[in-house]
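Enquirer: Quick one: the structure is below, and I'll ask about it shortly.
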Amino acid sequence: MKLINIGFGNMVSDARLIAIASPESMPIKRIIQDSKERGTLIDATFGRKTRAVLVMDSDHVVLSALQPEKIAARMAGESEAEETDDE
């Protein structure tokens, strides 16, 4: 299990992550609203603008202030670093 930093010291497990999306589209806004109503929304933005929405396999939705591309790069960067350590 690898943990991905999603900003401000908050981490999520990469094994439980299903999708990283931008919060701009109406379907993603509906997912956020539905999650808020169900009580499964985790706001990790620390009061900043939401730039990425992470959908987890546990039906939780995590809001992050980092760009989706930056989170994806952190995922890729961590896996590449571990591969080079194994050699």
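How things are named: the first chain in the structure tokens is A, the next is B, and so on; residues count from 1 in each chain; ligands count from 1 in the order shown.
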Quick one: everything within 8 Å of A:Asn5, counting only C-alpha atoms, minus sequence neighbours fewer than 5 positions away in the same chain. Send it as a PyMOL selection string.

Expert: chain A and resi 10-12+71+74

Enquirer: Might you pull out every residue within 12 Å of A:Ile4, with only C-alpha atoms counted and same-chain residues fewer than 4 positions away left off, and present them as a PyMOL selection string?

Expert: chain A and resi 8-17+54+64+66+70-79

Enquirer: So that I can check the surroundings of stretch 22-27 of chain A, please list as a VMD selection string every protein, DNA and RNA residue that reaches within 10 Å of it, counting only C-alpha atoms and ignoring chain neighbours fewer than 2 positions away.

Expert: chain A and resid 20 29 to 33 50 to 54 63 to 64 67 to 69

Enquirer: Taking the chain letters and numbering used in this document, name the residues of chain A that DSSP puts in helix (DSSP H, G or I), as a ChimeraX atom specification.

Expert: /A:26-38,68-86

Enquirer: Just give me the gap between atom CA of A:Thr45 and atom CA of A:Met1 in Å, one decimal is fine.

Expert: 23.4 Å
